[in-house]
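**Student:** Just one file: structure-v3.cif, with mmCIF, C-alpha atoms.
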```cif
data_target
#
loop_
_atom_site.label_atom_id
_atom_site.label_comp_id
_atom_site.auth_asym_id
_atom_site.auth_seq_id
_atom_site.Cartn_x
_atom_site.Cartn_y
_atom_site.Cartn_z
CA MET A 6 -70.15 -2.06 238.13
CA VAL A 7 -68.59 -0.26 235.21
CA LEU A 8 -65.39 -1.28 233.46
CA THR A 9 -63.16 1.74 232.82
CA ARG A 10 -59.68 2.20 231.38
CA THR A 11 -58.24 2.05 234.89
CA GLY A 12 -60.25 -0.81 236.37
CA LEU A 13 -63.73 -1.72 237.52
CA ARG A 14 -65.71 1.06 239.20
CA TYR A 15 -67.85 -0.41 241.98
CA LEU A 16 -68.84 0.50 245.53
CA GLY A 17 -67.46 4.01 244.95
CA ARG A 18 -63.99 2.56 244.34
CA ASN A 19 -61.79 1.65 241.41
CA PHE A 20 -60.60 -1.97 241.43
CA PRO A 21 -57.63 -2.64 239.13
CA CYS A 22 -58.41 -5.58 236.89
CA SER A 23 -57.27 -7.61 233.92
CA ILE A 24 -59.45 -8.31 230.88
CA GLY A 25 -59.19 -10.57 227.86
CA ARG A 26 -55.93 -10.76 225.94
CA SER A 27 -57.73 -9.38 222.87
CA GLY A 28 -59.28 -6.45 224.76
CA VAL A 29 -63.00 -5.64 224.61
CA SER A 30 -65.07 -6.77 221.63
CA ALA A 31 -68.56 -5.91 220.43
CA SER A 32 -68.63 -9.22 218.50
CA LYS A 33 -67.42 -11.86 220.98
CA ARG A 34 -66.70 -15.38 219.64
CA GLU A 35 -65.66 -18.57 221.43
CA GLY A 36 -61.89 -18.68 221.88
CA ASP A 37 -61.17 -15.12 220.66
CA GLY A 38 -59.73 -14.03 224.03
CA ALA A 39 -61.95 -10.93 224.17
CA THR A 40 -64.07 -9.54 226.97
CA PRO A 41 -67.57 -8.93 225.55
CA ALA A 42 -68.91 -5.37 225.47
CA GLY A 43 -72.42 -4.77 226.77
CA THR A 44 -74.50 -4.74 229.91
CA HIS A 45 -74.24 -8.04 231.69
CA HIS A 46 -75.61 -9.21 235.03
CA ILE A 47 -74.23 -11.26 237.87
CA THR A 48 -76.03 -14.61 237.99
CA GLY A 49 -74.21 -16.53 240.70
CA LEU A 50 -71.28 -16.95 243.04
CA LEU A 51 -69.22 -20.13 243.25
CA TYR A 52 -66.50 -20.78 245.81
CA ARG A 53 -64.00 -23.46 246.86
CA PRO A 54 -65.22 -24.72 250.27
CA ASP A 55 -61.92 -26.53 250.86
CA ARG A 56 -60.09 -23.18 250.64
CA LEU A 57 -62.57 -20.52 251.77
CA PRO A 58 -65.54 -20.17 254.10
CA CYS A 59 -68.86 -19.53 252.40
CA PRO A 60 -68.63 -15.82 251.44
CA VAL A 61 -72.39 -15.11 251.37
CA PRO A 62 -75.45 -17.28 252.08
CA TRP A 63 -76.43 -17.62 248.41
CA ALA A 64 -72.98 -18.81 247.20
CA LEU A 65 -72.66 -22.36 245.87
CA PRO A 66 -69.70 -24.63 246.58
CA ILE A 67 -67.50 -25.84 243.72
CA GLY A 68 -67.33 -29.61 243.92
CA PRO A 69 -64.54 -31.90 242.65
CA ARG A 70 -66.60 -32.88 239.59
CA ASP A 71 -67.79 -29.38 238.59
CA LEU A 72 -66.92 -28.30 235.06
CA TRP A 73 -68.02 -25.57 232.61
CA SER A 74 -68.89 -26.66 229.06
CA ASP A 75 -67.12 -24.69 226.33
CA ASP A 76 -68.03 -26.98 223.43
CA ALA A 77 -70.20 -24.95 221.05
CA ALA A 78 -71.53 -28.16 219.46
CA ASP A 79 -72.72 -29.59 222.78
CA PRO A 80 -76.29 -29.05 224.08
CA ASP A 81 -74.83 -28.01 227.48
CA TYR A 82 -72.63 -25.31 225.92
CA ASN A 83 -71.87 -22.46 228.34
CA SER A 84 -73.27 -24.10 231.43
CA LEU A 85 -72.21 -25.88 234.59
CA VAL A 86 -71.78 -29.62 234.03
CA CYS A 87 -70.33 -32.50 236.04
CA ALA A 88 -67.60 -35.03 235.32
CA PRO A 89 -67.45 -37.39 233.65
CA TYR A 90 -68.17 -35.15 230.66
CA ALA A 91 -66.88 -36.06 227.20
CA ALA A 92 -67.31 -32.69 225.45
CA SER A 93 -64.77 -29.86 225.74
CA HIS A 94 -64.90 -28.16 229.14
CA GLU A 95 -63.00 -26.20 231.76
CA ALA A 96 -62.47 -27.57 235.27
CA LEU A 97 -63.80 -25.21 237.95
CA ARG A 98 -61.83 -26.88 240.74
CA ARG A 99 -58.36 -25.77 239.69
CA PRO A 100 -55.02 -26.46 241.38
CA ASP A 101 -54.24 -22.71 241.32
CA PRO A 102 -56.39 -20.14 243.19
CA LEU A 103 -57.87 -18.39 240.12
CA TYR A 104 -61.32 -19.93 240.60
CA ASP A 105 -61.48 -20.00 244.41
CA LEU A 106 -64.24 -17.35 244.00
CA ILE A 107 -66.19 -16.96 240.76
CA LEU A 108 -68.96 -14.49 240.02
CA THR A 109 -70.83 -15.85 237.00
CA THR A 110 -72.49 -13.59 234.44
CA ASP A 111 -75.35 -13.90 232.01
CA TRP A 112 -73.09 -13.56 228.96
CA ASN A 113 -74.63 -15.92 226.35
CA TRP A 114 -76.66 -17.56 229.12
CA PRO A 115 -79.11 -19.17 229.96
CA THR A 116 -79.86 -19.86 226.29
CA ALA A 117 -76.45 -20.07 224.62
CA THR A 118 -75.85 -19.25 220.97
CA PRO A 119 -73.23 -21.74 219.74
CA GLY A 120 -69.87 -20.09 219.15
CA LYS A 121 -70.78 -16.75 220.76
CA GLY A 122 -68.52 -17.40 223.75
CA SER A 123 -68.78 -19.01 227.14
CA ALA A 124 -67.89 -18.48 230.77
CA ILE A 125 -67.38 -14.77 231.25
CA PHE A 126 -66.54 -14.84 234.94
CA LEU A 127 -65.18 -12.40 237.48
CA HIS A 128 -62.33 -14.20 239.25
CA GLN A 129 -58.89 -13.82 240.79
CA TRP A 130 -56.01 -12.80 238.52
CA ARG A 131 -52.71 -14.60 238.01
CA ARG A 132 -50.88 -11.33 238.56
CA PRO A 133 -51.54 -7.64 237.83
CA GLY A 134 -51.92 -6.97 234.12
CA TYR A 135 -51.86 -10.64 233.08
CA PRO A 136 -54.65 -11.05 230.50
CA THR A 137 -57.51 -13.53 230.73
CA GLU A 138 -59.28 -15.55 228.06
CA GLY A 139 -62.13 -13.01 228.19
CA CYS A 140 -63.04 -12.90 231.87
CA ILE A 141 -62.42 -9.99 234.24
CA ALA A 142 -59.85 -10.75 236.95
CA PHE A 143 -58.82 -9.04 240.19
CA ALA A 144 -56.44 -9.23 243.14
CA ARG A 145 -57.69 -11.84 245.62
CA HIS A 146 -58.65 -9.33 248.33
CA HIS A 147 -60.53 -7.19 245.79
CA MET A 148 -62.35 -10.24 244.40
CA ALA A 149 -63.42 -11.16 247.94
CA LEU A 150 -64.77 -7.65 248.56
CA ILE A 151 -66.62 -7.52 245.24
CA ALA A 152 -68.12 -10.97 245.88
CA ARG A 153 -69.30 -9.91 249.34
CA TYR A 154 -71.44 -7.08 247.93
CA ALA A 155 -72.48 -8.18 244.44
CA VAL A 156 -75.81 -9.97 244.30
CA PRO A 157 -77.63 -11.74 241.48
CA GLY A 158 -78.82 -9.08 239.06
CA THR A 159 -75.99 -6.62 239.77
CA ARG A 160 -75.19 -4.90 236.46
CA LEU A 161 -71.76 -5.17 234.89
CA ILE A 162 -71.27 -2.58 232.16
CA VAL A 163 -68.44 -3.16 229.69
CA PRO A 164 -68.32 -0.21 227.27
CA GLU A 165 -67.62 -0.85 223.60
CA PRO A 166 -64.05 -0.15 222.51
CA ASP A 167 -63.29 3.31 221.12
#
```
Here is the file; what I need is its structure written in the form of structure tokens.
**Tutor:**
Amino acid sequence: MVLTRTGLRYLGRNFPCSIGRSGVSASKREGDGATPAGTHHITGLLYRPDRLPCPVPWALPIGPRDLWSDDAADPDYNSLVCAPYAASHEALRRPDPLYDLILTTDWNWPTATPGKGSAIFLHQWRRPGYPTEGCIAFARHHMALIARYAVPGTRLIVPEPD
């Protein structure tokens, strides 16, 4: 997978996508809205079992209590946690369909550096061209196709900005 100016190049195709509202950054920080430059790897696939069938045998269901820690001061920073959880976090089971399928990456994981940024996911977009908080987002049918073929270890290359 390679991010280009026109989308994500994968499987011999170009998938239009949205990136962080601040573009691509070589010095990603928590909350900066940037997509981090570098070579990343797919680490997992999460899905909403109440909305979708299991997309591949290795996918994990998103449960009602599943959260992602984004509190740089917390020991569980940039990892999957469960409610109740007092520190700052993002709910993975959202009312909208953005996180019905999530490919997780190894950005600042498994050993997180506080403040370097959390949760760089591949997920469904709100609409074409609508920026993310740093993730890479796609049309639902493209996200489903990408998720079907990406496996843990698949490389995701995000070139540094010009």
**Student:** Applied to the shown file, which residues does the PyMOL selection byres ((chain A and resi 19) around 12) return, written as a VMD selection string?
**Tutor:** chain A and resid 6 to 18 20 to 22 143 147 151
**Student:** To test your reading of the syntax: which residues would the PyMOL selection byres ((chain A and resi 94) around 8) return for the file shown? Reply as a PyMOL selection string.
**Tutor:** chain A and resi 72-76+90+92-93+95-96
**Student:** Each residue of region 24-86 of chain A lying at most 8 Å from region 118-124 of chain A should get a row with its shortest atom-to-atom pair and the distance in Å to one decimal, counting only C-alpha atoms; could you produce that, ordered by chain and increasing number, as CSV?
**Tutor:**
```
residue,atom,partner,partner_atom,distance
A:Lys33,CA,A:Lys121,CA,5.9
A:Arg34,CA,A:Lys121,CA,4.4
A:Glu35,CA,A:Gly122,CA,3.9
A:Gly36,CA,A:Gly122,CA,7.0
A:Trp73,CA,A:Ala124,CA,7.3
A:Ser74,CA,A:Ser123,CA,7.9
A:Asp75,CA,A:Ser123,CA,6.0
A:Ala77,CA,A:Pro119,CA,4.6
A:Ala78,CA,A:Pro119,CA,6.6
A:Tyr82,CA,A:Pro119,CA,7.2
A:Asn83,CA,A:Ser123,CA,4.8
A:Ser84,CA,A:Ala124,CA,7.8
```
**Student:** Neighbours of Asp71 (chain A) within 8 Å (only C-alpha atoms; same-chain residues fewer than 5 positions away dropped), as a list in words?
**Tutor:**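 Those residues are Leu85, Val86, Cys87, Ala88, Ala96, Leu97 and Arg98 of chain A.
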**Student:** Evaluate the PyMOL selection byres ((chain A and resi 129) around 10) here and jot the selected residues down as an NGL selection string.
**Tutor:** :A and (22-23 or 102-107 or 126-128 or 130-132 or 140-149)
**Student:** Could the residues of region 99-161 of chain A that have an atom at most 8 Å from region 42-55 of chain A be listed as a Markdown table, each with its closest atom pair and the distance in Å to one decimal, counting only C-alpha atoms and ordered by chain and ascending residue number?
**Tutor:**
```
| residue | atom | partner | partner_atom | distance |
| --- | --- | --- | --- | --- |
| A:Tyr104 | CA | A:Tyr52 | CA | 7.4 |
| A:Asp105 | CA | A:Arg53 | CA | 4.9 |
| A:Leu106 | CA | A:Tyr52 | CA | 4.5 |
| A:Ile107 | CA | A:Leu51 | CA | 5.0 |
| A:Leu108 | CA | A:Leu50 | CA | 4.5 |
| A:Thr109 | CA | A:Gly49 | CA | 5.1 |
| A:Thr110 | CA | A:Ile47 | CA | 4.5 |
| A:Asp111 | CA | A:His46 | CA | 5.6 |
| A:Trp112 | CA | A:His45 | CA | 6.3 |
| A:Ala152 | CA | A:Leu50 | CA | 7.3 |
| A:Ala155 | CA | A:Ile47 | CA | 7.5 |
| A:Val156 | CA | A:Ile47 | CA | 6.7 |
| A:Pro157 | CA | A:Thr48 | CA | 4.8 |
| A:Gly158 | CA | A:His46 | CA | 5.2 |
| A:Thr159 | CA | A:Ile47 | CA | 5.3 |
| A:Arg160 | CA | A:His46 | CA | 4.6 |
| A:Leu161 | CA | A:His45 | CA | 5.0 |
```
**Student:** Please dump the current selection as a short mmCIF file (atom, residue, chain, number, x, y, z; two decimals), keeping the file's coordinate frame; keep C-alpha atoms.
**Tutor:**
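Written out: again.cif:
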```
data_model
loop_
_atom_site.label_atom_id
_atom_site.label_comp_id
_atom_site.auth_asym_id
_atom_site.auth_seq_id
_atom_site.Cartn_x
_atom_site.Cartn_y
_atom_site.Cartn_z
CA TYR A 104 -61.32 -19.93 240.60
CA ASP A 105 -61.48 -20.00 244.41
CA LEU A 106 -64.24 -17.35 244.00
CA ILE A 107 -66.19 -16.96 240.76
CA LEU A 108 -68.96 -14.49 240.02
CA THR A 109 -70.83 -15.85 237.00
CA THR A 110 -72.49 -13.59 234.44
CA ASP A 111 -75.35 -13.90 232.01
CA TRP A 112 -73.09 -13.56 228.96
CA ALA A 152 -68.12 -10.97 245.88
CA ALA A 155 -72.48 -8.18 244.44
CA VAL A 156 -75.81 -9.97 244.30
CA PRO A 157 -77.63 -11.74 241.48
CA GLY A 158 -78.82 -9.08 239.06
CA THR A 159 -75.99 -6.62 239.77
CA ARG A 160 -75.19 -4.90 236.46
CA LEU A 161 -71.76 -5.17 234.89
#
```
**Student:** In Å, with one decimal, what is the gap from CA of Gly139 (chain A) to CA of Arg99 (chain A)?
**Tutor:**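 These two atoms are separated by 17.6 Å.
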**Student:** CA of Asp79 (chain A) and CA of Gly38 (chain A) are how many Å apart?
**Tutor:**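 Computing the Euclidean distance for CA of Asp79 (chain A) and CA of Gly38 (chain A) yields 20.3 Å.
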**Student:** In Å, how far is it from CA of Ser27 (chain A) to CA of Pro133 (chain A)?
**Tutor:**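 These two atoms are separated by 16.3 Å.
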**Student:** Choose the residue, out of A:Gly68, A:Pro166, A:Pro80, A:Pro41, that has the smallest atom-to-atom separation from Thr116 (chain A); count all atoms listed in the file.
**Tutor:**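 Checking each of A:Gly68, A:Pro166, A:Pro80, A:Pro41 against Thr116 (chain A), counting all atoms listed in the file, the winner is A:Pro80.
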**Student:** Using only C-alpha atoms, can you tell me which of A:Pro100, A:Pro62, A:Glu165, A:Ile125 comes closest to Ser32 (chain A)?
**Tutor:** A:Glu165
**Student:** With 6 Å on each side, where is the centre of the axis-aligned box around all listed atoms of region 33-43 of chain A, and how long are its edges in Å to one decimal, as JSON?
**Tutor:**
```
{"center_x": -66.1, "center_y": -11.7, "center_z": 223.3, "size_x": 24.7, "size_y": 25.9, "size_z": 19.3}
```
